[in-house]
>>> print(open('work-v5.cif').read())   # mmCIF, C-alpha atoms and all ligand atoms
data_entry
#
loop_
_atom_site.label_atom_id
_atom_site.label_comp_id
_atom_site.auth_asym_id
_atom_site.auth_seq_id
_atom_site.Cartn_x
_atom_site.Cartn_y
_atom_site.Cartn_z
CA MET Z 2 0.00 0.00 0.00
CA LYS Z 3 2.85 2.28 0.82
CA ASP Z 4 4.27 1.70 -2.64
CA GLN Z 5 0.91 2.39 -4.21
CA LEU Z 6 0.72 5.68 -2.32
CA GLU Z 7 4.20 6.68 -3.42
CA ALA Z 8 3.32 5.82 -7.02
CA LEU Z 9 0.22 7.98 -6.75
CA ARG Z 10 2.30 10.90 -5.47
CA LEU Z 11 4.54 10.66 -8.54
CA GLU Z 12 1.58 10.43 -10.89
CA ILE Z 13 0.03 13.52 -9.35
CA GLU Z 14 3.28 15.41 -9.64
CA ARG Z 15 3.74 14.42 -13.25
CA ASP Z 16 0.19 15.29 -14.31
CA VAL Z 17 0.13 18.65 -12.53
CA LYS Z 18 3.37 19.64 -14.11
CA ALA Z 19 2.08 18.75 -17.57
CA ALA Z 20 -1.27 20.57 -17.19
CA LYS Z 21 -1.71 23.29 -19.80
CA SER Z 22 -4.92 24.92 -18.69
CA LEU Z 23 -6.95 25.67 -15.61
CA ALA Z 24 -9.66 23.31 -16.84
CA GLU Z 25 -7.19 20.48 -17.20
CA LEU Z 26 -5.88 21.18 -13.71
CA GLU Z 27 -9.35 20.94 -12.30
CA GLN Z 28 -9.85 17.53 -13.90
CA ILE Z 29 -6.59 16.36 -12.32
CA GLU Z 30 -7.73 17.50 -8.89
CA ILE Z 31 -11.01 15.63 -9.27
CA LYS Z 32 -9.33 12.54 -10.60
CA TYR Z 33 -6.83 12.16 -7.77
CA LEU Z 34 -8.00 14.14 -4.79
CA GLY Z 35 -11.77 14.48 -5.26
CA ARG Z 36 -14.43 12.79 -3.13
CA LYS Z 37 -14.51 9.88 -5.53
CA GLY Z 38 -10.87 10.26 -6.48
CA GLU Z 39 -8.09 7.68 -6.43
CA LEU Z 40 -6.63 8.76 -3.11
CA THR Z 41 -10.02 8.47 -1.41
CA SER Z 42 -10.63 5.00 -2.75
CA MET Z 43 -7.16 3.95 -1.60
CA LEU Z 44 -7.90 5.24 1.89
CA LYS Z 45 -10.99 3.06 1.95
CA GLY Z 46 -8.62 0.08 1.52
CA LEU Z 47 -6.98 0.99 4.88
CA ALA Z 48 -9.65 -1.15 6.60
CA ASN Z 49 -7.94 -4.27 5.27
CA VAL Z 50 -4.49 -3.28 6.48
CA PRO Z 51 -3.17 -4.59 9.85
CA ALA Z 52 -4.18 -2.12 12.57
CA ASP Z 53 -0.59 -1.27 13.59
CA GLN Z 54 0.27 0.00 10.12
CA ARG Z 55 -2.83 2.18 9.72
CA PRO Z 56 -1.62 5.35 11.49
CA GLU Z 57 1.56 5.54 9.44
CA LEU Z 58 -0.24 4.92 6.13
CA GLY Z 59 -3.03 7.34 7.09
CA ALA Z 60 -0.47 10.07 7.84
CA LEU Z 61 1.31 9.39 4.56
CA ALA Z 62 -1.94 9.59 2.59
CA ASN Z 63 -2.74 12.96 4.23
CA LYS Z 64 0.73 14.24 3.44
CA ILE Z 65 0.34 13.22 -0.20
CA LYS Z 66 -3.08 14.88 -0.34
CA GLN Z 67 -1.76 18.13 1.15
CA ALA Z 68 1.28 18.09 -1.12
CA GLY Z 69 -0.98 17.49 -4.15
CA LEU Z 70 -3.27 20.38 -3.15
CA ASP Z 71 -0.28 22.70 -2.68
CA LEU Z 72 1.13 21.66 -6.02
CA ILE Z 73 -2.18 22.30 -7.77
CA ALA Z 74 -2.58 25.71 -6.10
CA GLY Z 75 0.90 26.73 -7.20
CA LYS Z 76 0.28 25.55 -10.74
CA ARG Z 77 -3.07 27.37 -10.78
CA ASP Z 78 -1.33 30.64 -9.95
CA SER Z 79 1.26 30.21 -12.60
CA LEU Z 80 -1.29 29.21 -15.28
CA ALA Z 81 -3.47 32.22 -14.41
CA SER Z 82 -0.62 34.64 -14.58
CA SER Z 83 0.64 33.24 -17.86
CA ARG Z 84 -2.89 33.65 -19.24
CA TYR Z 85 -2.74 37.33 -18.30
CA ASP Z 86 0.69 37.56 -19.88
CA ALA Z 87 -0.78 36.20 -23.11
CA ILE Z 88 -3.66 38.68 -23.02
CA ALA Z 89 -1.26 41.49 -22.30
CA GLU Z 90 0.73 40.44 -25.32
CA THR Z 91 -2.11 40.06 -27.82
CA GLU Z 92 -4.18 43.02 -26.62
CA ARG Z 93 -1.31 45.33 -26.12
CA VAL Z 94 -2.17 49.02 -26.58
CA ASP Z 95 0.39 51.73 -26.89
CA ILE Z 96 -1.30 54.52 -25.00
CA THR Z 97 1.33 56.99 -26.11
CA GLU Z 98 0.42 56.55 -29.78
CA PRO Z 99 -1.58 59.42 -31.31
CA GLY Z 100 -5.31 58.54 -31.51
CA VAL Z 101 -7.36 57.93 -34.63
CA ARG Z 102 -10.08 60.58 -34.98
CA PRO Z 103 -13.52 59.10 -35.64
CA PRO Z 104 -14.93 60.49 -38.90
CA GLU Z 105 -16.95 63.60 -38.15
CA GLY Z 106 -20.00 64.69 -40.15
CA HIS Z 107 -21.35 68.19 -40.57
CA LEU Z 108 -24.65 69.91 -41.10
CA HIS Z 109 -26.38 69.75 -44.47
CA ILE Z 110 -25.84 72.82 -46.62
CA MET Z 111 -29.56 73.67 -46.24
CA THR Z 112 -29.36 73.61 -42.45
CA GLN Z 113 -26.24 75.75 -42.56
CA THR Z 114 -27.96 78.24 -44.84
CA ILE Z 115 -31.11 78.36 -42.69
CA ARG Z 116 -28.98 79.08 -39.64
CA GLU Z 117 -27.04 81.78 -41.42
CA ILE Z 118 -30.17 83.52 -42.73
CA THR Z 119 -31.74 83.33 -39.27
CA SER Z 120 -28.77 84.94 -37.59
CA ILE Z 121 -28.55 87.71 -40.21
CA PHE Z 122 -32.17 88.69 -39.55
CA GLU Z 123 -32.01 88.20 -35.81
CA LYS Z 124 -29.29 90.84 -35.69
CA ILE Z 125 -31.82 93.43 -36.87
CA GLY Z 126 -34.64 92.37 -34.60
CA PHE Z 127 -36.48 89.72 -36.59
CA TYR Z 128 -37.68 86.64 -34.73
CA ARG Z 129 -37.91 83.21 -36.26
CA ILE Z 130 -41.24 81.49 -36.19
CA ARG Z 131 -42.55 78.33 -37.82
CA TYR Z 132 -46.01 78.27 -39.23
CA PRO Z 133 -47.68 75.10 -40.49
CA GLU Z 134 -46.52 73.35 -43.63
CA ILE Z 135 -50.00 71.93 -44.07
CA ASP Z 136 -52.51 74.72 -43.84
CA TRP Z 137 -55.97 75.92 -44.79
CA ASP Z 138 -56.67 77.54 -48.12
CA TRP Z 139 -57.53 80.73 -46.22
CA TYR Z 140 -53.91 81.16 -45.10
CA ALA Z 141 -52.25 79.93 -48.27
CA PHE Z 142 -54.42 81.91 -50.70
CA GLU Z 143 -57.65 83.57 -49.75
CA ALA Z 144 -56.50 85.99 -47.06
CA LEU Z 145 -53.53 86.75 -49.31
CA ASN Z 146 -55.97 88.45 -51.66
CA MET Z 147 -56.40 85.42 -53.90
CA PRO Z 148 -60.11 84.59 -53.77
CA PRO Z 149 -61.26 81.11 -54.80
CA ASP Z 150 -61.02 80.52 -58.53
CA HIS Z 151 -58.68 83.44 -59.02
CA PRO Z 152 -56.31 82.62 -61.91
CA ALA Z 153 -53.29 83.86 -59.92
CA ARG Z 154 -53.55 80.65 -57.90
CA ASP Z 155 -52.42 78.71 -60.94
CA ASP Z 156 -48.91 80.09 -60.46
CA TRP Z 157 -48.63 77.88 -57.41
CA GLU Z 158 -48.78 74.26 -58.45
CA THR Z 159 -50.41 73.22 -55.23
CA PHE Z 160 -50.89 69.82 -53.65
CA PHE Z 161 -54.29 69.61 -51.96
CA MET Z 162 -54.92 67.29 -49.03
CA ASP Z 163 -57.60 64.67 -49.34
CA ALA Z 164 -59.49 65.99 -46.31
CA PRO Z 165 -62.91 67.58 -45.79
CA SER Z 166 -63.04 71.35 -46.25
CA THR Z 167 -64.03 73.72 -43.50
CA LYS Z 168 -64.97 77.40 -43.29
CA LYS Z 169 -61.29 78.08 -44.01
CA GLY Z 170 -61.41 76.00 -47.15
CA LYS Z 171 -59.43 72.93 -48.14
CA MET Z 172 -56.14 71.87 -46.64
CA VAL Z 173 -53.05 72.35 -48.77
CA MET Z 174 -49.39 71.53 -48.52
CA THR Z 175 -48.13 75.08 -48.32
CA PRO Z 176 -46.83 76.13 -51.76
CA HIS Z 177 -45.05 79.14 -50.20
CA THR Z 178 -44.28 80.57 -46.76
CA SER Z 179 -46.58 83.58 -47.28
CA ASN Z 180 -49.26 81.77 -45.21
CA GLY Z 181 -47.09 82.81 -42.25
CA GLN Z 182 -47.96 86.46 -42.95
CA ILE Z 183 -51.63 85.77 -42.26
CA HIS Z 184 -50.99 83.78 -39.07
CA GLU Z 185 -48.67 86.47 -37.79
CA LEU Z 186 -51.00 89.36 -38.66
CA GLU Z 187 -53.90 87.56 -36.94
CA ARG Z 188 -51.98 87.73 -33.66
CA HIS Z 189 -52.20 91.55 -33.72
CA LYS Z 190 -48.91 91.95 -31.91
CA PHE Z 191 -47.06 94.97 -33.22
CA PRO Z 192 -44.45 95.71 -34.32
CA ILE Z 193 -44.20 92.53 -36.40
CA ARG Z 194 -40.75 91.40 -37.51
CA MET Z 195 -41.42 87.84 -38.51
CA LEU Z 196 -39.08 85.38 -40.19
CA ASN Z 197 -41.02 82.26 -41.19
CA ILE Z 198 -38.75 79.53 -42.50
CA ALA Z 199 -40.50 76.39 -43.67
CA LYS Z 200 -40.74 73.69 -46.29
CA CYS Z 201 -42.88 74.36 -49.33
CA TYR Z 202 -44.37 71.94 -51.82
CA ARG Z 203 -45.18 72.29 -55.47
CA ARG Z 204 -45.89 69.86 -58.25
CA GLN Z 205 -42.65 70.53 -60.11
CA ILE Z 206 -39.42 68.68 -60.66
CA ASP Z 207 -36.52 69.55 -62.96
CA ALA Z 208 -32.98 70.92 -62.70
CA THR Z 209 -34.22 74.08 -60.95
CA HIS Z 210 -37.18 72.67 -58.96
CA THR Z 211 -37.79 70.00 -56.37
CA PRO Z 212 -41.31 69.14 -55.13
CA MET Z 213 -40.15 69.99 -51.61
CA PHE Z 214 -38.05 73.09 -51.07
CA HIS Z 215 -37.59 75.81 -48.48
CA GLN Z 216 -38.49 79.46 -48.33
CA PHE Z 217 -37.88 82.21 -45.84
CA GLU Z 218 -40.54 84.82 -45.49
CA GLY Z 219 -39.96 88.17 -43.88
CA LEU Z 220 -42.79 90.37 -42.68
CA LEU Z 221 -42.32 93.73 -41.04
CA VAL Z 222 -45.46 95.66 -40.06
CA ASP Z 223 -45.56 98.77 -37.90
CA GLU Z 224 -46.67 102.39 -38.01
CA GLY Z 225 -44.95 104.41 -40.72
CA VAL Z 226 -43.15 101.63 -42.60
CA ASN Z 227 -42.33 102.48 -46.22
CA ILE Z 228 -40.36 101.26 -49.22
CA THR Z 229 -37.10 102.86 -48.09
CA HIS Z 230 -37.09 100.52 -45.08
CA LEU Z 231 -37.51 97.57 -47.41
CA ARG Z 232 -34.67 98.82 -49.61
CA GLY Z 233 -32.39 99.13 -46.59
CA ILE Z 234 -33.10 95.58 -45.49
CA LEU Z 235 -32.56 94.16 -48.98
CA ASP Z 236 -29.14 95.80 -49.22
CA TYR Z 237 -28.30 94.68 -45.70
CA PHE Z 238 -29.11 91.07 -46.60
CA ALA Z 239 -27.14 91.30 -49.89
CA ARG Z 240 -24.04 92.43 -47.98
CA GLU Z 241 -24.35 90.06 -45.04
CA PHE Z 242 -25.18 86.94 -46.98
CA PHE Z 243 -23.33 87.38 -50.27
CA GLY Z 244 -20.47 89.60 -49.16
CA PRO Z 245 -19.42 93.24 -48.88
CA GLY Z 246 -19.85 95.20 -52.08
CA ARG Z 247 -22.99 93.34 -53.13
CA VAL Z 248 -26.15 95.43 -53.51
CA SER Z 249 -29.79 94.83 -54.37
CA ARG Z 250 -32.22 96.41 -56.79
CA ILE Z 251 -35.97 96.14 -57.21
CA ARG Z 252 -38.00 95.85 -60.39
CA PRO Z 253 -41.77 96.25 -60.68
CA HIS Z 254 -43.71 93.00 -60.67
CA HIS Z 255 -47.12 91.72 -59.67
CA PHE Z 256 -48.19 89.69 -56.67
CA ARG Z 257 -51.73 89.67 -55.32
CA PHE Z 258 -50.68 90.19 -51.71
CA THR Z 259 -48.37 93.17 -52.16
CA GLU Z 260 -48.84 96.59 -53.69
CA PRO Z 261 -46.56 97.74 -55.11
CA SER Z 262 -44.79 94.42 -55.78
CA PHE Z 263 -41.22 93.85 -56.80
CA GLU Z 264 -38.81 91.31 -58.09
CA VAL Z 265 -35.54 91.62 -56.17
CA ASP Z 266 -32.12 91.19 -57.81
CA ILE Z 267 -28.67 90.98 -56.24
CA SER Z 268 -25.64 92.39 -58.04
CA CYS Z 269 -23.51 89.64 -59.53
CA GLY Z 270 -20.36 88.86 -57.54
CA VAL Z 271 -18.35 87.99 -60.64
CA CYS Z 272 -18.86 91.10 -62.80
CA GLY Z 273 -19.82 93.46 -59.96
CA GLY Z 274 -23.19 94.28 -61.53
CA THR Z 275 -21.77 95.48 -64.87
CA GLY Z 276 -22.62 92.36 -66.86
CA MET Z 277 -19.16 92.42 -68.45
CA VAL Z 278 -15.92 90.65 -67.63
CA GLU Z 279 -12.89 91.74 -69.69
CA LYS Z 280 -15.10 93.18 -72.44
CA LYS Z 281 -17.12 89.95 -72.65
CA LYS Z 282 -20.60 89.13 -71.34
CA CYS Z 283 -20.43 87.80 -67.78
CA LYS Z 284 -20.94 84.03 -67.93
CA VAL Z 285 -22.60 83.83 -64.52
CA CYS Z 286 -25.35 86.45 -64.83
CA LYS Z 287 -25.22 87.71 -68.44
CA ARG Z 288 -26.72 91.04 -67.34
CA GLY Z 289 -25.11 92.09 -64.06
CA TRP Z 290 -27.89 90.94 -61.77
CA LEU Z 291 -29.17 87.68 -60.27
CA GLU Z 292 -32.84 87.30 -59.49
CA ILE Z 293 -33.50 86.32 -55.90
CA GLY Z 294 -37.29 86.49 -55.38
CA GLY Z 295 -40.37 88.54 -54.66
CA ALA Z 296 -41.10 91.36 -52.25
CA GLY Z 297 -43.48 94.24 -51.80
CA MET Z 298 -45.54 96.44 -49.54
CA VAL Z 299 -48.27 94.45 -47.79
CA HIS Z 300 -51.55 94.89 -49.67
CA PRO Z 301 -54.25 96.71 -47.68
CA ASN Z 302 -56.66 93.84 -48.43
CA VAL Z 303 -54.31 91.47 -46.58
CA LEU Z 304 -54.34 93.76 -43.56
CA LYS Z 305 -58.11 94.04 -43.72
CA ALA Z 306 -58.58 90.27 -44.04
CA THR Z 307 -56.73 89.84 -40.76
CA GLY Z 308 -58.53 92.69 -39.00
CA VAL Z 309 -55.53 95.03 -38.96
CA ASP Z 310 -56.18 98.77 -39.32
CA SER Z 311 -54.62 99.51 -42.71
CA LYS Z 312 -54.74 103.27 -42.06
CA LYS Z 313 -52.56 102.89 -39.00
CA TYR Z 314 -50.22 100.05 -40.00
CA THR Z 315 -48.16 99.47 -43.09
CA GLY Z 316 -45.45 96.98 -43.83
CA PHE Z 317 -43.44 95.00 -46.30
CA ALA Z 318 -42.86 91.35 -47.01
CA PHE Z 319 -40.46 89.21 -48.95
CA GLY Z 320 -40.33 85.50 -49.67
CA TRP Z 321 -37.32 83.76 -51.17
CA GLY Z 322 -36.16 80.24 -51.86
CA ILE Z 323 -33.41 78.99 -49.57
CA GLU Z 324 -32.03 76.50 -52.08
CA ARG Z 325 -31.86 79.35 -54.56
CA VAL Z 326 -29.95 81.76 -52.36
CA ALA Z 327 -27.60 78.98 -51.24
CA MET Z 328 -26.84 78.11 -54.87
CA MET Z 329 -26.28 81.78 -55.72
CA LYS Z 330 -23.53 82.09 -53.17
CA GLU Z 331 -20.07 82.52 -54.61
CA GLY Z 332 -18.11 79.29 -54.71
CA VAL Z 333 -21.21 77.08 -54.62
CA LYS Z 334 -21.43 75.42 -58.00
CA VAL Z 335 -24.59 73.35 -58.23
CA ASP Z 336 -26.20 73.14 -61.63
CA ASP Z 337 -28.96 70.72 -60.64
CA ILE Z 338 -30.95 71.52 -57.50
CA ARG Z 339 -32.06 67.89 -57.09
CA VAL Z 340 -28.59 66.85 -56.02
CA LEU Z 341 -29.21 68.65 -52.71
CA TYR Z 342 -31.62 65.90 -51.69
CA GLN Z 343 -29.92 62.81 -53.09
CA ASN Z 344 -27.85 62.38 -49.94
CA ASP Z 345 -24.68 61.62 -51.83
CA VAL Z 346 -21.93 62.19 -49.29
CA ARG Z 347 -19.39 62.99 -52.00
CA PHE Z 348 -21.53 65.98 -52.93
CA LEU Z 349 -22.58 67.02 -49.42
CA LYS Z 350 -19.13 66.99 -47.88
CA GLN Z 351 -17.95 69.80 -50.13
CA PHE Z 352 -19.94 72.33 -48.10
N1 LIG Z 401 -44.87 83.83 -52.03
C1 LIG Z 401 -44.25 84.23 -53.28
C2 LIG Z 401 -43.83 82.98 -54.04
O1 LIG Z 401 -43.71 81.94 -53.49
C3 LIG Z 401 -43.03 85.09 -53.07
C4 LIG Z 401 -43.32 86.40 -52.46
C5 LIG Z 401 -43.50 87.48 -53.27
C6 LIG Z 401 -43.37 86.55 -51.10
C7 LIG Z 401 -43.75 88.72 -52.73
C8 LIG Z 401 -43.60 87.79 -50.54
C9 LIG Z 401 -43.78 88.88 -51.37
O2 LIG Z 401 -43.64 87.99 -49.23
O3 LIG Z 401 -43.99 90.08 -50.84
O4 LIG Z 401 -43.59 83.06 -55.21
#
>>> encode(input="work-v5.cif", output="structure tokens", more="lines below")
Ligand code: DAH
Amino acid sequence: MKDQLEALRLEIERDVKAAKSLAELEQIEIKYLGRKGELTSMLKGLANVPADQRPELGALANKIKQAGLDLIAGKRDSLASSRYDAIAETERVDITEPGVRPPEGHLHIMTQTIREITSIFEKIGFYRIRYPEIDWDWYAFEALNMPPDHPARDDWETFFMDAPSTKKGKMVMTPHTSNGQIHELERHKFPIRMLNIAKCYRRQIDATHTPMFHQFEGLLVDEGVNITHLRGILDYFAREFFGPGRVSRIRPHHFRFTEPSFEVDISCGVCGGTGMVEKKKCKVCKRGWLEIGGAGMVHPNVLKATGVDSKKYTGFAFGWGIERVAMMKEGVKVDDIRVLYQNDVRFLKQF
């Protein structure tokens, strides 16, 4: 029995030494030292040994058990630490190396332009407001001096909602931001210095139109407002948005909701408003000026429709396309407006 015990000690030593993983080591412990392990079953055989030899053999068995447990514990430590060594090696990070910047996006050119326009007008006391993009006919047309069936409505290729009409008419997807004028006037809070920026919808698509686009609508109404105030603001915007040296001009036009009405032009940044570059016609504008959009003095019928005293208050309004002004900016070369909404990162990241 003594020999058997000694042989077991050697076997344990050999196996523990050879173990390559913690799992293997655990199996070894179970095999030799566990409750049903080899050492335990050998101890059961002590009953058959002469009584005078039992204490010595018992002590030896305990010694072997303790030595085995110590050996396993030592091996466990060294396996664990070599596992950490391996992790440290494969997952090594040089914290002194310069980092890799994650790719950073930026705002869409339309959002940038909306923010820029907003801050230009906020500097002179305008406040930004958002009126509905789905609205009643009353706001989109009728109160703007375009009674039902008036042919002027045909200029706006309007989408109508499939919804019951009310006293305020049918619902439309706003074809312009001028509906904001009516909402703002109905509040009767003077002076009015509204900037309504919203999406507009028209049944049009080609290189210069998308069915969804943006406009910004200015409305200034107070006592004693006249055309010179409008002129000042147009020049201010030309300078702030397009650059110093740029000016505006107005040409007579017709809109139902303004009287008089104008078409507003901005002097071309390439030829400086002369229409000529080195004795040749300017390629950008051909005539010195770029058309930006409509404006005018608020029509008295619009004031009346909203219950505003048109003897006391006067004002002006303007409504321009945001895509258009963004594309008119120097350095922005976009010859097809639709590309703004195709979400092609190669295009968008230029701005
Ligand atoms: N709402 C007009 C359009 O979409 C533009 C416009 C013209 C707005 C004259 C105005 C204005 O405020 O005074 O074509």
>>> atom_distance(input="work-v5.cif", atom1="atom CA of Z:Phe127", atom2="atom CA of Z:Thr259")
19.9 Å
>>> atom_distance(input="work-v5.cif", atom1="atom CA of Z:Thr275", atom2="atom CA of Z:Arg325")
21.6 Å
>>> residues_near_ligand(input="work-v5.cif", ligand="ligand LIG 401 (chain Z)", cutoff="8 Å", atoms="all atoms listed in the file", output="VMD selection string")
chain Z and resid 157 176 to 179 182 216 218 to 220 256 258 to 259 262 to 264 294 to 299 317 to 322
>>> closest_residue(input="work-v5.cif", among="Z:Val50, Z:Asp337, Z:Gly181, Z:Leu6", to="Z:Asp207", atoms="only C-alpha atoms")
Z:Asp337
>>> atom_distance(input="work-v5.cif", atom1="atom CA of Z:Gly273", atom2="atom CA of Z:Cys286")
10.2 Å
>>> residues_around(input="work-v5.cif", residues="stretch 8-25 of chain Z", least_positions_apart="3", cutoff="10 Å", atoms="all atoms listed in the file", output="number ranges by chain")
Z: 2-5, 28-30, 32-34, 39-40, 43, 62, 64-66, 68-70, 72-81, 84
>>> closest_residue(input="work-v5.cif", among="Z:His189, Z:Leu291, Z:Val222, Z:His109", to="Z:Gln343", atoms="only C-alpha atoms")
Z:His109
>>> residues_around(input="work-v5.cif", residues="Z:His184", least_positions_apart="5", cutoff="9 Å", atoms="only C-alpha atoms", output="list of chain:residue names")
Z:Tyr132, Z:Tyr140, Z:Thr307
>>> closest_residue(input="work-v5.cif", among="Z:Ala60, Z:Arg339, Z:Thr119, Z:Ile130", to="Z:His210", atoms="only C-alpha atoms")
Z:Arg339
>>> residues_around(input="work-v5.cif", residues="Z:Arg188", least_positions_apart="5", cutoff="10 Å", atoms="all atoms listed in the file", output="list of chain:residue names")
Z:Ile183, Z:Ile193, Z:Thr307, Z:Gly308, Z:Val309
>>> residues_around(input="work-v5.cif", residues="Z:Lys334", least_positions_apart="4", cutoff="12 Å", atoms="only C-alpha atoms", output="number ranges by chain")
Z: 285, 325, 327-330, 338, 340-341, 348, 351-352
>>> decode(input="work-v5.cif", residues="stretch 17-24 of chain Z", atoms="all heavy atoms", output="CSV table (one decimal), in the first residue's frame")
chain,number,residue,atom,x,y,z
Z,17,VAL,N,0.3,17.2,-12.8
Z,17,VAL,CA,0.1,18.6,-12.5
Z,17,VAL,C,1.2,19.5,-13.3
Z,17,VAL,O,0.8,20.5,-13.9
Z,17,VAL,CB,0.3,18.9,-11.0
Z,17,VAL,CG1,0.4,20.4,-10.7
Z,17,VAL,CG2,-0.9,18.3,-10.3
Z,18,LYS,N,2.3,18.9,-13.4
Z,18,LYS,CA,3.4,19.6,-14.1
Z,18,LYS,C,3.0,19.8,-15.6
Z,18,LYS,O,3.2,20.9,-16.2
Z,18,LYS,CB,4.7,18.8,-14.0
Z,18,LYS,CG,5.8,19.7,-13.5
Z,18,LYS,CD,7.1,18.9,-13.6
Z,18,LYS,CE,7.9,19.1,-12.3
Z,18,LYS,NZ,9.0,18.1,-12.2
Z,19,ALA,N,2.4,18.7,-16.1
Z,19,ALA,CA,2.1,18.8,-17.6
Z,19,ALA,C,0.8,19.6,-17.9
Z,19,ALA,O,0.6,19.9,-19.1
Z,19,ALA,CB,1.9,17.3,-18.1
Z,20,ALA,N,0.0,19.9,-16.9
Z,20,ALA,CA,-1.3,20.6,-17.2
Z,20,ALA,C,-1.0,21.9,-17.9
Z,20,ALA,O,-0.2,22.7,-17.6
Z,20,ALA,CB,-2.0,20.8,-15.9
Z,21,LYS,N,-1.9,22.1,-19.0
Z,21,LYS,CA,-1.7,23.3,-19.8
Z,21,LYS,C,-2.8,24.4,-19.6
Z,21,LYS,O,-2.7,25.5,-20.1
Z,21,LYS,CB,-1.7,22.9,-21.3
Z,21,LYS,CG,-0.4,22.1,-21.6
Z,21,LYS,CD,-0.1,22.2,-23.1
Z,21,LYS,CE,1.2,21.5,-23.4
Z,21,LYS,NZ,1.2,20.1,-22.9
Z,22,SER,N,-3.9,23.9,-18.9
Z,22,SER,CA,-4.9,24.9,-18.7
Z,22,SER,C,-5.5,24.7,-17.3
Z,22,SER,O,-5.4,23.7,-16.7
Z,22,SER,CB,-6.0,24.8,-19.8
Z,22,SER,OG,-6.7,23.6,-19.6
Z,23,LEU,N,-6.3,25.7,-16.9
Z,23,LEU,CA,-7.0,25.7,-15.6
Z,23,LEU,C,-8.0,24.5,-15.6
Z,23,LEU,O,-8.2,23.8,-14.6
Z,23,LEU,CB,-7.6,27.0,-15.3
Z,23,LEU,CG,-6.6,28.1,-15.0
Z,23,LEU,CD1,-7.3,29.5,-15.0
Z,23,LEU,CD2,-5.8,27.9,-13.7
Z,24,ALA,N,-8.6,24.4,-16.8
Z,24,ALA,CA,-9.7,23.3,-16.8
Z,24,ALA,C,-9.0,21.9,-16.7
Z,24,ALA,O,-9.6,21.1,-15.9
Z,24,ALA,CB,-10.4,23.4,-18.2
